[in-house]
$ cat model_26.txt   # compact mmCIF, C-alpha atoms and all ligand atoms
# COMPACT_ATOMS: atom_id res chain seq x y z
CA MET A 169 -8.47 50.50 -9.34
CA LEU A 170 -6.97 47.07 -9.98
CA LEU A 171 -7.58 45.80 -6.46
CA ARG A 172 -11.36 45.69 -6.67
CA PRO A 173 -11.63 43.39 -9.72
CA LEU A 174 -8.94 41.14 -8.22
CA VAL A 175 -10.81 40.82 -4.92
CA GLU A 176 -14.04 40.20 -6.81
CA LEU A 177 -12.32 37.55 -8.94
CA GLY A 178 -10.87 35.83 -5.87
CA TRP A 179 -14.27 35.83 -4.17
CA ASN A 180 -16.07 34.46 -7.22
CA LEU A 181 -13.42 31.80 -7.74
CA PHE A 182 -13.66 30.79 -4.10
CA GLN A 183 -17.43 30.53 -4.39
CA ALA A 184 -17.33 28.46 -7.57
CA LEU A 185 -14.61 26.06 -6.46
CA SER A 186 -15.98 25.61 -2.94
CA THR A 187 -19.38 24.79 -4.45
CA LEU A 188 -17.63 22.23 -6.60
CA VAL A 189 -15.72 20.60 -3.74
CA VAL A 190 -18.71 20.57 -1.38
CA THR A 191 -20.88 18.99 -4.08
CA LEU A 192 -18.21 16.38 -4.71
CA LEU A 193 -18.18 15.54 -1.01
CA LEU A 194 -21.97 15.16 -1.02
CA LEU A 195 -22.03 12.81 -4.01
CA PRO A 196 -22.88 9.11 -3.40
CA SER A 197 -19.37 7.68 -3.72
CA PRO A 198 -17.03 10.08 -1.94
CA GLY A 199 -14.80 7.12 -1.03
CA LYS A 200 -13.73 6.82 -4.65
CA LEU A 201 -13.47 10.53 -5.37
CA LEU A 202 -11.97 11.87 -2.16
CA PRO A 203 -8.48 10.42 -2.78
CA VAL A 204 -8.55 11.99 -6.23
CA VAL A 205 -9.65 15.37 -4.91
CA ALA A 206 -7.10 15.11 -2.11
CA GLY A 207 -4.38 14.77 -4.73
CA ARG A 208 -3.33 11.19 -4.09
CA THR A 209 -2.92 10.67 -7.80
CA THR A 210 0.72 11.78 -8.06
CA GLY A 211 -0.44 15.39 -8.38
CA SER A 212 -2.55 14.84 -11.52
CA ALA A 213 -5.79 15.83 -9.78
CA TYR A 214 -4.21 19.04 -8.54
CA ARG A 215 -2.98 19.76 -12.04
CA GLU A 216 -6.45 19.17 -13.46
CA LEU A 217 -8.12 21.30 -10.78
CA GLY A 218 -5.47 23.96 -11.43
CA HIS A 219 -6.26 23.81 -15.14
CA ILE A 220 -9.99 24.26 -14.48
CA ALA A 221 -9.31 27.05 -11.92
CA PHE A 222 -7.03 28.90 -14.37
CA TRP A 223 -9.52 29.00 -17.24
CA LEU A 224 -12.39 29.59 -14.82
CA SER A 225 -10.65 32.68 -13.43
CA PHE A 226 -9.98 33.79 -17.02
CA SER A 227 -13.66 33.34 -17.84
CA LEU A 228 -14.85 35.13 -14.68
CA LEU A 229 -12.51 38.02 -15.44
CA GLY A 230 -14.05 38.08 -18.91
CA THR A 231 -17.43 38.79 -17.32
CA MET A 232 -16.12 41.28 -14.78
CA LEU A 233 -14.07 43.32 -17.23
CA SER A 234 -16.82 43.54 -19.84
CA VAL A 235 -17.04 46.81 -21.75
CA LYS A 236 -20.27 48.49 -22.81
CA ALA A 237 -20.34 49.65 -26.40
CA GLY A 238 -23.70 51.32 -26.82
CA SER A 239 -26.34 48.73 -26.04
CA VAL A 240 -23.89 45.88 -26.69
CA SER A 241 -21.70 44.37 -23.96
CA ILE A 242 -18.30 43.05 -25.07
CA ASP A 243 -16.56 40.44 -22.93
CA PHE A 244 -14.21 37.48 -23.24
CA ARG A 245 -15.92 35.06 -20.84
CA ASP A 246 -16.48 32.44 -23.55
CA VAL A 247 -12.77 32.38 -24.38
CA GLY A 248 -12.10 30.89 -20.94
CA SER A 249 -14.52 27.98 -21.36
CA LEU A 250 -13.45 27.48 -24.98
CA MET A 251 -9.79 27.23 -23.97
CA ALA A 252 -10.61 24.94 -21.03
CA GLY A 253 -12.33 22.60 -23.48
CA ALA A 254 -9.67 22.94 -26.16
CA THR A 255 -6.88 22.05 -23.73
CA GLY A 256 -8.66 19.70 -21.32
CA GLY A 257 -11.42 18.04 -23.33
CA PRO A 258 -15.24 18.36 -23.35
CA ALA A 259 -15.69 17.65 -19.64
CA ALA A 260 -13.22 20.37 -18.60
CA GLY A 261 -14.84 22.83 -21.05
CA LEU A 262 -18.27 22.00 -19.70
CA ALA A 263 -17.08 22.37 -16.11
CA VAL A 264 -15.67 25.86 -16.71
CA GLY A 265 -18.66 26.83 -18.88
CA CYS A 266 -21.15 25.84 -16.17
CA LEU A 267 -19.26 27.40 -13.27
CA SER A 268 -18.65 30.66 -15.11
CA GLY A 269 -22.24 30.56 -16.43
CA SER A 270 -23.55 30.19 -12.85
CA HIS A 271 -21.72 33.37 -11.93
CA LEU A 272 -23.33 35.19 -14.84
CA LEU A 273 -26.78 33.87 -13.94
CA ALA A 274 -26.27 35.12 -10.39
CA LEU A 275 -25.63 38.62 -11.77
CA GLY A 276 -28.98 38.41 -13.56
CA GLY A 277 -30.10 40.52 -16.44
CA PRO A 278 -32.26 39.93 -19.52
CA THR A 279 -29.49 38.21 -21.54
CA ALA A 280 -27.98 36.17 -18.68
CA LEU A 281 -29.52 32.87 -19.74
CA ALA A 282 -28.57 33.18 -23.41
CA CYS A 283 -25.02 34.23 -22.49
CA THR A 284 -24.70 31.34 -20.04
CA ALA A 285 -25.78 28.91 -22.75
CA ASN A 286 -23.14 30.42 -25.03
CA THR A 287 -20.42 30.03 -22.42
CA ILE A 288 -21.32 26.37 -21.87
CA LEU A 289 -21.55 25.76 -25.59
CA SER A 290 -18.12 27.34 -26.13
CA GLY A 291 -16.62 24.98 -23.56
CA LEU A 292 -18.20 21.99 -25.32
CA VAL A 293 -17.12 23.19 -28.75
CA GLY A 294 -13.52 23.59 -27.53
CA GLY A 295 -13.70 20.11 -26.00
CA PHE A 296 -15.10 18.48 -29.11
CA VAL A 297 -12.46 20.18 -31.27
CA ARG A 298 -9.82 18.68 -29.01
CA ARG A 299 -11.51 15.27 -29.10
CA TRP A 300 -11.73 15.42 -32.86
CA ARG A 301 -8.02 16.20 -33.01
CA ALA A 302 -6.97 13.63 -30.42
CA ALA A 303 -9.58 11.03 -31.45
CA GLU A 304 -10.67 10.63 -27.83
CA THR A 305 -13.59 8.45 -26.91
CA GLU A 306 -14.96 9.85 -23.69
CA ALA A 307 -18.65 9.23 -24.24
CA ILE A 308 -19.81 11.04 -21.12
CA SER A 309 -19.73 14.53 -22.68
CA ILE A 310 -22.74 14.02 -24.94
CA PRO A 311 -25.16 13.15 -22.09
CA LEU A 312 -23.72 16.05 -20.09
CA ALA A 313 -24.34 18.45 -22.97
CA LEU A 314 -27.96 17.22 -23.13
CA VAL A 315 -28.36 17.79 -19.38
CA SER A 316 -27.08 21.35 -19.68
CA LEU A 317 -29.50 21.93 -22.55
CA ALA A 318 -32.32 20.55 -20.41
CA ALA A 319 -31.31 22.97 -17.60
CA GLY A 320 -31.63 25.91 -20.00
CA VAL A 321 -34.98 24.71 -21.33
CA SER A 322 -36.33 24.16 -17.82
CA ARG A 323 -35.36 27.74 -16.88
CA VAL A 324 -37.36 29.16 -19.79
CA SER A 325 -40.31 26.83 -19.19
CA LEU A 326 -40.50 27.61 -15.49
CA THR A 327 -40.28 31.34 -16.09
CA VAL A 328 -43.16 31.15 -18.54
CA LEU A 329 -45.23 28.87 -16.31
CA LEU A 330 -44.72 30.92 -13.18
CA SER A 331 -45.19 34.36 -14.68
CA GLY A 332 -47.87 36.16 -12.73
CA THR A 333 -47.33 34.16 -9.56
CA SER A 334 -45.68 35.35 -6.38
CA ASP A 335 -42.15 36.82 -6.24
CA ALA A 336 -40.91 33.93 -4.12
CA LEU A 337 -41.78 31.38 -6.78
CA ARG A 338 -40.25 33.53 -9.48
CA THR A 339 -37.04 33.79 -7.48
CA PHE A 340 -37.06 30.03 -7.04
CA ALA A 341 -37.48 29.60 -10.78
CA GLY A 342 -34.56 31.96 -11.37
CA VAL A 343 -32.26 30.04 -9.01
CA LEU A 344 -33.09 26.57 -10.38
CA PRO A 345 -31.07 26.81 -13.61
CA MET A 346 -28.09 28.10 -11.67
CA VAL A 347 -28.20 25.02 -9.47
CA GLY A 348 -28.66 22.91 -12.60
CA VAL A 349 -25.62 24.26 -14.43
CA THR A 350 -23.49 24.06 -11.28
CA LEU A 351 -24.39 20.40 -10.90
CA VAL A 352 -23.62 19.69 -14.53
CA GLY A 353 -20.28 21.46 -14.14
CA THR A 354 -19.57 19.34 -11.10
CA LEU A 355 -20.43 16.15 -12.96
CA ALA A 356 -18.15 17.18 -15.81
CA THR A 357 -15.27 17.87 -13.43
CA MET A 358 -15.98 14.58 -11.70
CA SER A 359 -15.65 12.70 -14.97
CA VAL A 360 -12.26 14.35 -15.59
CA LEU A 361 -11.07 13.50 -12.10
CA SER A 362 -12.36 9.93 -12.07
CA ARG A 363 -10.64 9.29 -15.39
CA ILE A 364 -7.39 10.57 -13.91
CA GLY A 365 -7.93 8.35 -10.89
CA ARG A 366 -8.53 5.31 -13.11
CA MET A 367 -5.41 6.00 -15.13
CA HIS A 368 -3.37 6.41 -11.95
CA ALA A 369 -4.66 3.14 -10.50
CA LEU A 370 -3.88 1.41 -13.77
CA GLN A 371 -0.38 2.83 -13.90
CA SER A 372 0.40 1.54 -10.42
CA ASN A 373 -1.05 -1.86 -11.36
CA LYS A 374 0.75 -2.03 -14.70
CA ALA A 375 4.11 -2.91 -13.13
CA HIS A 376 2.35 -5.69 -11.24
CA TYR A 377 0.70 -7.05 -14.44
CA VAL A 378 4.01 -6.94 -16.32
CA ALA A 379 5.81 -8.80 -13.52
CA LEU A 380 3.00 -11.38 -13.45
CA ILE A 381 3.03 -11.98 -17.21
CA GLU A 382 6.84 -12.09 -17.26
CA ASP A 383 6.88 -14.68 -14.48
CA SER A 384 4.28 -16.82 -16.30
CA LEU A 385 6.22 -16.53 -19.55
CA ASP A 386 9.46 -17.49 -17.81
CA ARG A 387 7.92 -20.59 -16.25
CA THR A 388 6.12 -21.62 -19.45
CA LEU A 389 9.30 -21.34 -21.50
CA ASP A 390 11.29 -23.31 -18.91
CA LEU A 391 8.61 -25.99 -18.97
CA LEU A 392 8.66 -26.11 -22.76
CA ALA A 393 12.46 -26.42 -22.86
CA THR A 394 12.38 -29.13 -20.19
CA VAL A 395 9.77 -31.11 -22.15
CA VAL A 396 11.79 -30.85 -25.37
CA ASP A 397 15.08 -31.78 -23.73
CA ALA A 398 13.46 -34.68 -21.87
CA ARG A 399 12.66 -36.32 -25.22
CA ASP A 400 16.33 -37.08 -25.71
CA GLU A 401 18.15 -38.33 -22.61
CA TYR A 402 21.53 -37.67 -24.24
CA THR A 403 20.95 -33.98 -24.73
CA ALA A 404 19.50 -32.99 -21.36
CA ARG A 405 19.44 -29.22 -20.75
CA HIS A 406 20.51 -28.65 -24.39
CA SER A 407 17.95 -25.87 -25.00
CA THR A 408 18.74 -24.04 -21.76
CA GLN A 409 22.47 -24.21 -22.48
CA VAL A 410 21.98 -22.95 -26.06
CA ALA A 411 19.91 -20.05 -24.66
CA ARG A 412 22.69 -19.22 -22.17
CA TYR A 413 25.44 -19.32 -24.79
CA ALA A 414 23.38 -17.24 -27.24
CA VAL A 415 22.76 -14.59 -24.57
CA ALA A 416 26.47 -14.53 -23.69
CA ILE A 417 27.44 -14.05 -27.36
CA GLY A 418 24.74 -11.43 -27.95
CA SER A 419 25.84 -9.49 -24.85
CA ARG A 420 29.46 -9.64 -26.00
CA ILE A 421 28.44 -8.10 -29.33
CA GLY A 422 26.53 -5.40 -27.43
CA LEU A 423 23.03 -6.09 -28.72
CA GLU A 424 19.98 -4.28 -27.38
CA GLU A 425 17.98 -5.56 -24.40
CA ARG A 426 15.10 -6.74 -26.60
CA GLN A 427 17.42 -8.70 -28.92
CA ILE A 428 19.07 -10.37 -25.92
CA ALA A 429 15.63 -11.34 -24.61
CA GLU A 430 14.72 -12.76 -28.05
CA LEU A 431 17.92 -14.83 -28.06
CA TRP A 432 17.01 -16.28 -24.68
CA VAL A 433 13.50 -17.25 -25.75
CA GLY A 434 14.77 -18.39 -29.17
CA GLY A 435 17.32 -20.67 -27.46
CA LEU A 436 14.67 -22.23 -25.23
CA VAL A 437 12.25 -22.97 -28.09
CA HIS A 438 14.52 -23.59 -31.10
CA ASP A 439 14.25 -27.39 -30.93
CA VAL A 440 10.56 -27.57 -29.96
CA GLY A 441 9.85 -29.39 -33.26
CA LYS A 442 11.67 -32.45 -31.89
CA ILE A 443 8.46 -33.20 -29.99
CA ALA A 444 7.10 -34.46 -33.32
CA VAL A 445 10.10 -36.74 -34.06
CA PRO A 446 9.51 -40.41 -33.04
CA ASP A 447 11.64 -41.76 -30.17
CA ALA A 448 12.99 -44.57 -32.32
CA ILE A 449 14.66 -42.04 -34.59
CA LEU A 450 15.46 -39.28 -32.09
CA SER A 451 17.25 -41.63 -29.68
CA LYS A 452 18.64 -44.12 -32.19
CA PRO A 453 22.22 -44.91 -31.11
CA GLY A 454 23.59 -45.92 -34.53
CA ILE A 455 23.91 -44.08 -37.82
CA LEU A 456 20.68 -42.77 -39.33
CA ASP A 457 19.62 -43.70 -42.86
CA GLU A 458 18.50 -41.04 -45.35
CA SER A 459 14.76 -41.22 -44.58
CA GLU A 460 15.47 -41.00 -40.83
CA ARG A 461 17.70 -37.98 -41.42
CA GLN A 462 14.84 -36.30 -43.29
CA VAL A 463 12.54 -36.93 -40.32
CA ILE A 464 15.11 -35.37 -37.97
CA LYS A 465 15.48 -32.41 -40.30
CA SER A 466 11.73 -31.86 -40.28
CA HIS A 467 11.99 -30.62 -36.68
CA ALA A 468 12.94 -27.11 -37.91
CA LYS A 469 9.76 -26.52 -39.91
CA GLU A 470 7.62 -28.47 -37.46
CA GLY A 471 8.87 -26.32 -34.56
CA ALA A 472 8.02 -23.12 -36.44
CA ARG A 473 4.56 -24.49 -37.22
CA ILE A 474 3.88 -25.32 -33.55
CA LEU A 475 5.05 -21.89 -32.38
CA ARG A 476 2.90 -20.10 -34.97
CA ILE A 477 -0.32 -21.94 -34.11
CA HIS A 478 -1.41 -19.56 -31.34
CA GLY A 479 0.23 -16.35 -32.59
CA GLY A 480 1.52 -13.76 -30.12
CA LEU A 481 4.99 -13.66 -28.68
CA LEU A 482 5.90 -17.29 -29.41
CA ALA A 483 4.94 -16.86 -33.07
CA ASP A 484 7.48 -14.01 -33.22
CA MET A 485 10.12 -16.50 -32.06
CA ALA A 486 9.22 -19.13 -34.66
CA ARG A 487 11.99 -17.95 -36.97
CA PHE A 488 14.60 -19.26 -34.53
CA ALA A 489 13.13 -22.73 -34.73
CA GLU A 490 12.74 -22.56 -38.50
CA LEU A 491 16.17 -21.23 -39.43
CA HIS A 492 18.65 -22.41 -36.79
CA HIS A 493 20.06 -25.10 -39.11
CA GLU A 494 20.55 -22.73 -42.02
CA ARG A 495 24.11 -21.69 -42.82
CA TYR A 496 25.68 -18.27 -43.23
CA ALA A 497 26.82 -19.03 -46.80
CA GLY A 498 23.85 -21.28 -47.63
CA GLY A 499 23.49 -25.04 -47.90
CA GLY A 500 21.82 -25.73 -44.57
CA TYR A 501 18.20 -26.83 -44.03
CA PRO A 502 15.21 -26.56 -44.45
CA TYR A 503 15.66 -24.00 -47.27
CA GLY A 504 19.39 -23.96 -48.00
CA HIS A 505 19.46 -20.18 -48.48
CA PRO A 506 22.35 -18.00 -47.20
CA GLN A 507 21.38 -16.79 -43.71
CA ALA A 508 22.93 -13.45 -42.78
CA ASP A 509 20.61 -12.51 -39.88
CA VAL A 510 22.93 -11.99 -36.94
CA LEU A 511 20.45 -13.21 -34.27
CA ILE A 512 19.89 -16.49 -36.16
CA GLY A 513 23.68 -16.66 -36.67
CA ILE A 514 24.26 -16.29 -32.91
CA LEU A 515 21.78 -19.07 -32.12
CA THR A 516 23.41 -21.37 -34.68
CA VAL A 517 26.87 -20.74 -33.17
CA ALA A 518 25.46 -21.34 -29.67
CA ASP A 519 23.84 -24.58 -30.89
CA SER A 520 27.14 -25.75 -32.44
CA ILE A 521 29.17 -24.89 -29.35
CA GLU A 522 26.71 -26.73 -27.10
CA ALA A 523 26.90 -29.79 -29.34
CA MET A 524 30.72 -29.77 -29.35
CA ALA A 525 31.22 -28.91 -25.66
CA SER A 526 28.83 -31.46 -24.18
CA HIS A 527 29.26 -35.18 -23.66
CA ARG A 528 27.40 -37.64 -25.87
CA PRO A 529 27.17 -41.40 -25.32
CA TYR A 530 28.95 -42.05 -28.60
CA ARG A 531 31.72 -39.44 -28.05
CA ALA A 532 33.33 -37.33 -25.36
CA SER A 533 33.08 -33.56 -25.41
CA LEU A 534 35.62 -31.88 -27.67
CA PRO A 535 38.60 -30.28 -25.91
CA LEU A 536 38.44 -26.47 -25.95
CA PRO A 537 41.30 -25.97 -28.48
CA GLU A 538 39.43 -28.22 -30.93
CA VAL A 539 36.20 -26.27 -30.39
CA VAL A 540 38.16 -23.10 -31.22
CA GLU A 541 39.57 -24.68 -34.40
CA GLU A 542 36.15 -25.91 -35.50
CA LEU A 543 34.64 -22.47 -34.98
CA LYS A 544 37.42 -20.77 -36.92
CA ALA A 545 37.08 -23.26 -39.77
CA ALA A 546 33.31 -22.75 -40.00
CA SER A 547 33.42 -18.92 -39.77
CA GLY A 548 32.03 -17.29 -42.89
CA GLY A 549 30.87 -20.65 -44.27
CA LYS A 550 28.56 -22.57 -42.01
CA LEU A 551 28.64 -19.97 -39.22
CA HIS A 552 28.11 -16.21 -39.03
CA PRO A 553 31.56 -14.55 -38.69
CA ILE A 554 30.37 -11.86 -36.23
CA ALA A 555 28.89 -14.47 -33.91
CA VAL A 556 32.01 -16.67 -34.18
CA ALA A 557 34.32 -13.73 -33.41
CA ALA A 558 32.28 -12.90 -30.27
CA ALA A 559 32.29 -16.57 -29.17
CA LEU A 560 36.07 -16.81 -29.66
CA ALA A 561 36.55 -13.61 -27.63
CA LEU A 562 34.45 -15.12 -24.83
CA ILE A 563 36.49 -18.34 -24.87
CA GLU A 564 39.70 -16.32 -24.76
CA ASN A 565 38.50 -14.29 -21.75
CA ASP A 566 36.44 -16.79 -19.76
CA GLY A 567 37.55 -20.20 -21.06
CA SER A 568 35.09 -23.06 -21.53
CA PRO A 569 31.49 -22.09 -22.39
CA HIS A 570 30.41 -23.82 -19.15
CA HIS A 571 32.16 -20.97 -17.30
CA TRP A 572 30.60 -18.12 -19.26
CA ARG A 573 28.82 -15.74 -16.92
CA VAL A 574 25.26 -15.34 -18.11
CA GLU A 575 22.56 -13.25 -16.50
CA ARG A 576 19.03 -14.41 -17.13
CA PRO A 577 17.66 -11.61 -19.31
CA ASP A 578 14.71 -9.46 -18.33
CA LEU A 579 11.76 -10.45 -20.54
CA ARG A 580 9.81 -7.30 -19.57
CA CYS A 581 10.63 -5.63 -22.89
CA LEU A 582 8.90 -8.51 -24.70
CA VAL A 583 5.99 -8.47 -22.26
CA SER A 584 5.35 -4.70 -22.32
CA THR A 585 3.44 -4.96 -25.62
CA ALA A 586 0.98 -7.37 -23.99
CA ALA A 587 0.69 -5.07 -20.96
CA ASP A 588 -0.03 -2.05 -23.19
CA ARG A 589 -2.81 -4.04 -24.87
CA LEU A 590 -4.25 -4.87 -21.44
CA GLU A 591 -4.07 -1.19 -20.42
CA GLY A 592 -6.01 -0.19 -23.52
CA GLN A 593 -8.70 -2.76 -22.74
CA VAL A 594 -9.14 -1.58 -19.13
CA LEU A 595 -9.23 2.13 -20.06
CA ASN A 596 -11.82 1.53 -22.76
CA ALA A 597 -13.95 -0.72 -20.53
FE FE A 601 17.94 -28.31 -33.91
$ encode --input "model_26.txt" --output "structure tokens"
Amino acid sequence: MLLRPLVELGWNLFQALSTLVVTLLLLPSPGKLLPVVAGRTTGSAYRELGHIAFWLSFSLLGTMLSVKAGSVSIDFRDVGSLMAGATGGPAAGLAVGCLSGSHLLALGGPTALACTANTILSGLVGGFVRRWRAAETEAISIPLALVSLAAGVSRVSLTVLLSGTSDALRTFAGVLPMVGVTLVGTLATMSVLSRIGRMHALQSNKAHYVALIEDSLDRTLDLLATVVDARDEYTARHSTQVARYAVAIGSRIGLEERQIAELWVGGLVHDVGKIAVPDAILSKPGILDESERQVIKSHAKEGARILRIHGGLLADMARFAELHHERYAGGGYPYGHPQADVLIGILTVADSIEAMASHRPYRASLPLPEVVEELKAASGGKLHPIAVAAALALIENDGSPHHWRVERPDLRCLVSTAADRLEGQVLNA
């Protein structure tokens, strides 16, 4: 008893899906679609075809297991297309609606056309409910719905026009809408598959985009740091060294990957405001007077202003430039407020260590024991105690800051936001 409906279901499914695949192969751009149909999209196309096949078989069963109650026929065909739409979107609902509707049209009968229209409509309704819930923007479903409507209208029109003519023409008129709905179903499935293909292609390209942006960012930041450090011949490589020390201290504390990356970028750009300080003041060998000191101090705010001009990632790093001369307990510049942010504190400690541990024309570098004493004396006052404790631990383990082992951090975590934005643009194109 059960075998016959199962065989019928298998046969109908085979017919519907083979029609779909053959039509896909005959479409104008099989080169683009074949890889998708062949499943070269990490299995997504198979999953989508499986999804359509599942609800299509459900819908076909709904027709085959219909029960007569008097003159009314009760079936659950529309549930299949509705669920296909509700779980896969309008295109999937339309695909199942059209394929299942074609089967019903082939069976014939006075209500076949109206029931087919219902099945298609159910698929679209399910799809639009899903779109409404997921706020999707796949514009193709509206034209497809209009095409399916046109197929229904053409069936009625042709039947009326050809009534009274030969049987052959009437048969032709009866077959036309079936071909129409099958084609619409195919187009709907194609839109689902091509979207999957596009997403797959984008995913495989995303890693490439991220690597590209990260490399550009790396080089731009290096260039910026080199330009800043070149302004003052006595402090060559200052920014790079500060970045290295800050990363070492941050890693010692156990900060997250993104915070480590921010410390690296913050170190490279923290003195960018020195570009605006005149050479005569920046490289003056003697003691600075008060007005010259004010000009030097302006580099903190000026750096933040420069970094904020173009927004984006560098604007996020402007706080390092603005606040790296503030003190933990207050009294620094430009604002003099207490500065308890641990990332800023780490950069300030790194800046101080670099200043003490490097040679200057007017003084030699401080011996390591003196650097340790200076750090201890400033902890909790000028410098953040957590950052100082981590720096002292590093000195105890690895000795001079020049010997600290620092791995250049991965900036991908900072870049991924930009890549996500790019992905959104391509998908919505
Ligand atoms: Fe500075």
$ closest_atom_pairs --input "model_26.txt" --of "chain A" --to "ligand FE 601 (chain A)" --cutoff "7 Å" --atoms "all atoms listed in the file" --output "CSV"
residue,atom,partner,partner_atom,distance
A:His438,CA,A:FE601,FE,6.5
A:Asp439,CA,A:FE601,FE,4.8
A:His467,CA,A:FE601,FE,7.0
A:Ala468,CA,A:FE601,FE,6.5
A:His492,CA,A:FE601,FE,6.6
A:His493,CA,A:FE601,FE,6.5
$ residues_around --input "model_26.txt" --residues "A:Ala486" --least-positions-apart "3" --cutoff "9 Å" --atoms "only C-alpha atoms" --output "count of residues only"
14
$ residues_around --input "model_26.txt" --residues "stretch 218-232 of chain A" --least-positions-apart "6" --cutoff "8 Å" --atoms "only C-alpha atoms" --output "ChimeraX atom specification"
/A:173,177,180-181,185,243-249,251-252,256,260,263-265,267-268,271-272
$ closest_residue --input "model_26.txt" --among "A:Arg495, A:Arg426, A:Lys442, A:His570" --to "A:Ser533" --atoms "only C-alpha atoms"
A:His570
$ closest_residue --input "model_26.txt" --among "A:Ala508, A:Leu481, A:Val556, A:Val440" --to "A:His406" --atoms "only C-alpha atoms"
A:Val440
$ atom_distance --input "model_26.txt" --atom1 "atom CA of A:Thr516" --atom2 "atom CA of A:Leu392"
19.5 Å
$ atom_distance --input "model_26.txt" --atom1 "atom CA of A:Ser290" --atom2 "atom CA of A:Ser234"
17.4 Å
$ residues_around --input "model_26.txt" --residues "A:Asp400" --least-positions-apart "4" --cutoff "10 Å" --atoms "all atoms listed in the file" --output "list in words"
Val395, Val396, Ala404, Arg405, His406, Lys442, Ile443, Asp447, Leu450, Ser451 and Lys452 of chain A
$ atom_distance --input "model_26.txt" --atom1 "atom CA of A:Tyr496" --atom2 "atom CA of A:Asp509"
8.4 Å
$ closest_residue --input "model_26.txt" --among "A:Leu436, A:Gly418, A:Asn373, A:Thr287" --to "A:Asp390" --atoms "all atoms listed in the file"
A:Leu436
$ closest_residue --input "model_26.txt" --among "A:Ser407, A:Ser419, A:Gln427, A:Ser459" --to "A:Leu582" --atoms "all atoms listed in the file"
A:Gln427
$ build_atoms --input "model_26.txt" --residues "stretch 543-554 of chain A" --atoms "N, CA, C and O atoms" --output "short mmCIF file (atom, residue, chain, number, x, y, z; two decimals), in the coordinates of the input"
data_model
loop_
_atom_site.label_atom_id
_atom_site.label_comp_id
_atom_site.auth_asym_id
_atom_site.auth_seq_id
_atom_site.Cartn_x
_atom_site.Cartn_y
_atom_site.Cartn_z
N LEU A 543 35.33 -23.74 -34.79
CA LEU A 543 34.64 -22.47 -34.98
C LEU A 543 35.34 -21.63 -36.04
O LEU A 543 34.69 -21.04 -36.92
N LYS A 544 36.66 -21.57 -35.96
CA LYS A 544 37.42 -20.77 -36.92
C LYS A 544 37.22 -21.32 -38.34
O LYS A 544 37.04 -20.56 -39.30
N ALA A 545 37.22 -22.63 -38.45
CA ALA A 545 37.08 -23.26 -39.77
C ALA A 545 35.70 -23.00 -40.38
O ALA A 545 35.56 -22.87 -41.60
N ALA A 546 34.69 -22.91 -39.49
CA ALA A 546 33.31 -22.75 -40.00
C ALA A 546 32.93 -21.28 -40.21
O ALA A 546 31.89 -20.98 -40.81
N SER A 547 33.77 -20.35 -39.69
CA SER A 547 33.42 -18.92 -39.77
C SER A 547 33.32 -18.44 -41.21
O SER A 547 34.22 -18.65 -42.02
N GLY A 548 32.23 -17.81 -41.54
CA GLY A 548 32.03 -17.29 -42.89
C GLY A 548 31.46 -18.32 -43.85
O GLY A 548 31.04 -17.97 -44.96
N GLY A 549 31.45 -19.60 -43.44
CA GLY A 549 30.87 -20.65 -44.27
C GLY A 549 29.58 -21.13 -43.63
O GLY A 549 28.50 -20.63 -43.92
N LYS A 550 29.74 -22.08 -42.71
CA LYS A 550 28.56 -22.57 -42.01
C LYS A 550 28.06 -21.51 -40.99
O LYS A 550 26.86 -21.34 -40.82
N LEU A 551 29.02 -20.85 -40.34
CA LEU A 551 28.64 -19.97 -39.22
C LEU A 551 28.86 -18.48 -39.52
O LEU A 551 29.75 -18.12 -40.31
N HIS A 552 28.04 -17.67 -38.86
CA HIS A 552 28.11 -16.21 -39.03
C HIS A 552 29.42 -15.69 -38.42
O HIS A 552 29.68 -15.91 -37.23
N PRO A 553 30.24 -14.96 -39.20
CA PRO A 553 31.56 -14.55 -38.69
C PRO A 553 31.49 -13.63 -37.47
O PRO A 553 32.35 -13.72 -36.58
N ILE A 554 30.47 -12.77 -37.39
CA ILE A 554 30.37 -11.86 -36.23
C ILE A 554 30.11 -12.66 -34.95
O ILE A 554 30.71 -12.42 -33.90
#
